[in-house]
Amino acid sequence: MLATLTLLLQSGEQLSLLAQWLPWSGRDSTTGFSHMDKLVHAGMFALCGYSLVLGWLARGTRILPLYLGLLALGAGTEWLQAYIPGRSPDAWDMAADALGAALGVATGFFRLQRCPPG
């Protein structure tokens with residue numbers, strides 16, 4: 001989760017340097033998928049949700065507080081981006097965060113139902 005927070009709070013310049021290493025970065029944005037950042041947001045929050053459920057739900061923690069915590073993390077990082085050079089908050093990023101968190105939490109929950117720990 002710390003890695004997710006670190007990536008979400010990088011400046012625009014740092015992210016553009018990081019993006020040059022991605023395999024699809026050489027594509028013209030008019031011919032490729034133009035909302036790849038939404039998939040990245042959803043993927044990062046799905047991984048966080050899945051990991052949190054596997055780590056804490058097995059100890060008796062309820063799902064709703066975990067999901068609400070991830071929503072707060074997504075909202076907080078979007079709000080903080082207003083203060084980071086080259087970044088701006090985006091409601092669609094927050095929606096992608098929420099969807100990814102829901103998918104990750106649900107996947108982790110169903111995995112624990114099928115294969116309980118111990």
# chains A, B, ... in the order shown; residues from 1 in each chain; ligands from 1
$ residues_around --residues "A:Val40" --least-positions-apart "3" --cutoff "10 Å" --atoms "only C-alpha atoms" --output "ChimeraX atom specification"
/A:35-37,43-46,93,96-97,100
$ closest_residue --among "A:Leu99, A:Ala91, A:Leu66, A:Leu57" --to "A:Trp79" --atoms "only C-alpha atoms"
A:Ala91
$ closest_residue --among "A:Gly55, A:Pro89, A:Pro116, A:Gly49" --to "A:Leu68" --atoms "only C-alpha atoms"
A:Gly49
$ residues_around --residues "A:Ser51" --least-positions-apart "4" --cutoff "12 Å" --atoms "only C-alpha atoms" --output "ChimeraX atom specification"
/A:1,44-47,55-58,66-67,70,101,103-109,111-112
$ decode --residues "stretch 83-106 of chain A" --atoms "N, CA and C atoms" --output "compact mmCIF listing (two decimals), in the first residue's frame"
# COMPACT_ATOMS: atom_id res chain seq x y z
N TYR A 83 -1.95 19.85 -4.89
CA TYR A 83 -0.80 20.59 -4.36
C TYR A 83 0.53 20.09 -4.92
N ILE A 84 0.50 19.15 -5.86
CA ILE A 84 1.72 18.59 -6.44
C ILE A 84 1.90 19.16 -7.84
N PRO A 85 3.08 19.72 -8.13
CA PRO A 85 3.31 20.32 -9.46
C PRO A 85 3.09 19.30 -10.59
N GLY A 86 2.36 19.72 -11.60
CA GLY A 86 2.12 18.86 -12.76
C GLY A 86 1.01 17.85 -12.57
N ARG A 87 0.34 17.87 -11.43
CA ARG A 87 -0.76 16.92 -11.17
C ARG A 87 -2.03 17.69 -10.88
N SER A 88 -3.16 17.05 -11.05
CA SER A 88 -4.43 17.66 -10.71
C SER A 88 -5.39 16.55 -10.29
N PRO A 89 -6.31 16.85 -9.37
CA PRO A 89 -7.28 15.84 -8.96
C PRO A 89 -8.23 15.50 -10.09
N ASP A 90 -8.69 14.27 -10.12
CA ASP A 90 -9.58 13.82 -11.18
C ASP A 90 -10.63 12.88 -10.58
N ALA A 91 -11.89 13.22 -10.75
CA ALA A 91 -12.97 12.39 -10.21
C ALA A 91 -12.98 11.00 -10.86
N TRP A 92 -12.57 10.92 -12.13
CA TRP A 92 -12.54 9.61 -12.80
C TRP A 92 -11.45 8.73 -12.23
N ASP A 93 -10.34 9.32 -11.79
CA ASP A 93 -9.32 8.53 -11.11
C ASP A 93 -9.88 7.96 -9.81
N MET A 94 -10.64 8.78 -9.09
CA MET A 94 -11.24 8.31 -7.85
C MET A 94 -12.24 7.18 -8.12
N ALA A 95 -12.98 7.29 -9.21
CA ALA A 95 -13.92 6.23 -9.58
C ALA A 95 -13.17 4.95 -9.92
N ALA A 96 -12.05 5.07 -10.62
CA ALA A 96 -11.24 3.90 -10.94
C ALA A 96 -10.66 3.29 -9.67
N ASP A 97 -10.25 4.14 -8.72
CA ASP A 97 -9.75 3.64 -7.43
C ASP A 97 -10.84 2.84 -6.72
N ALA A 98 -12.05 3.40 -6.68
CA ALA A 98 -13.16 2.74 -5.99
C ALA A 98 -13.52 1.41 -6.65
N LEU A 99 -13.55 1.39 -7.99
CA LEU A 99 -13.86 0.15 -8.70
C LEU A 99 -12.77 -0.90 -8.46
N GLY A 100 -11.51 -0.47 -8.56
CA GLY A 100 -10.42 -1.40 -8.32
C GLY A 100 -10.43 -1.95 -6.90
N ALA A 101 -10.69 -1.07 -5.92
CA ALA A 101 -10.76 -1.51 -4.53
C ALA A 101 -11.89 -2.53 -4.35
N ALA A 102 -13.05 -2.25 -4.96
CA ALA A 102 -14.19 -3.18 -4.85
C ALA A 102 -13.85 -4.54 -5.45
N LEU A 103 -13.20 -4.53 -6.62
CA LEU A 103 -12.82 -5.80 -7.26
C LEU A 103 -11.81 -6.56 -6.42
N GLY A 104 -10.82 -5.84 -5.88
CA GLY A 104 -9.81 -6.50 -5.05
C GLY A 104 -10.38 -7.06 -3.77
N VAL A 105 -11.23 -6.28 -3.10
CA VAL A 105 -11.85 -6.74 -1.85
C VAL A 105 -12.75 -7.94 -2.12
N ALA A 106 -13.54 -7.88 -3.18
CA ALA A 106 -14.43 -9.00 -3.51
C ALA A 106 -13.64 -10.25 -3.87
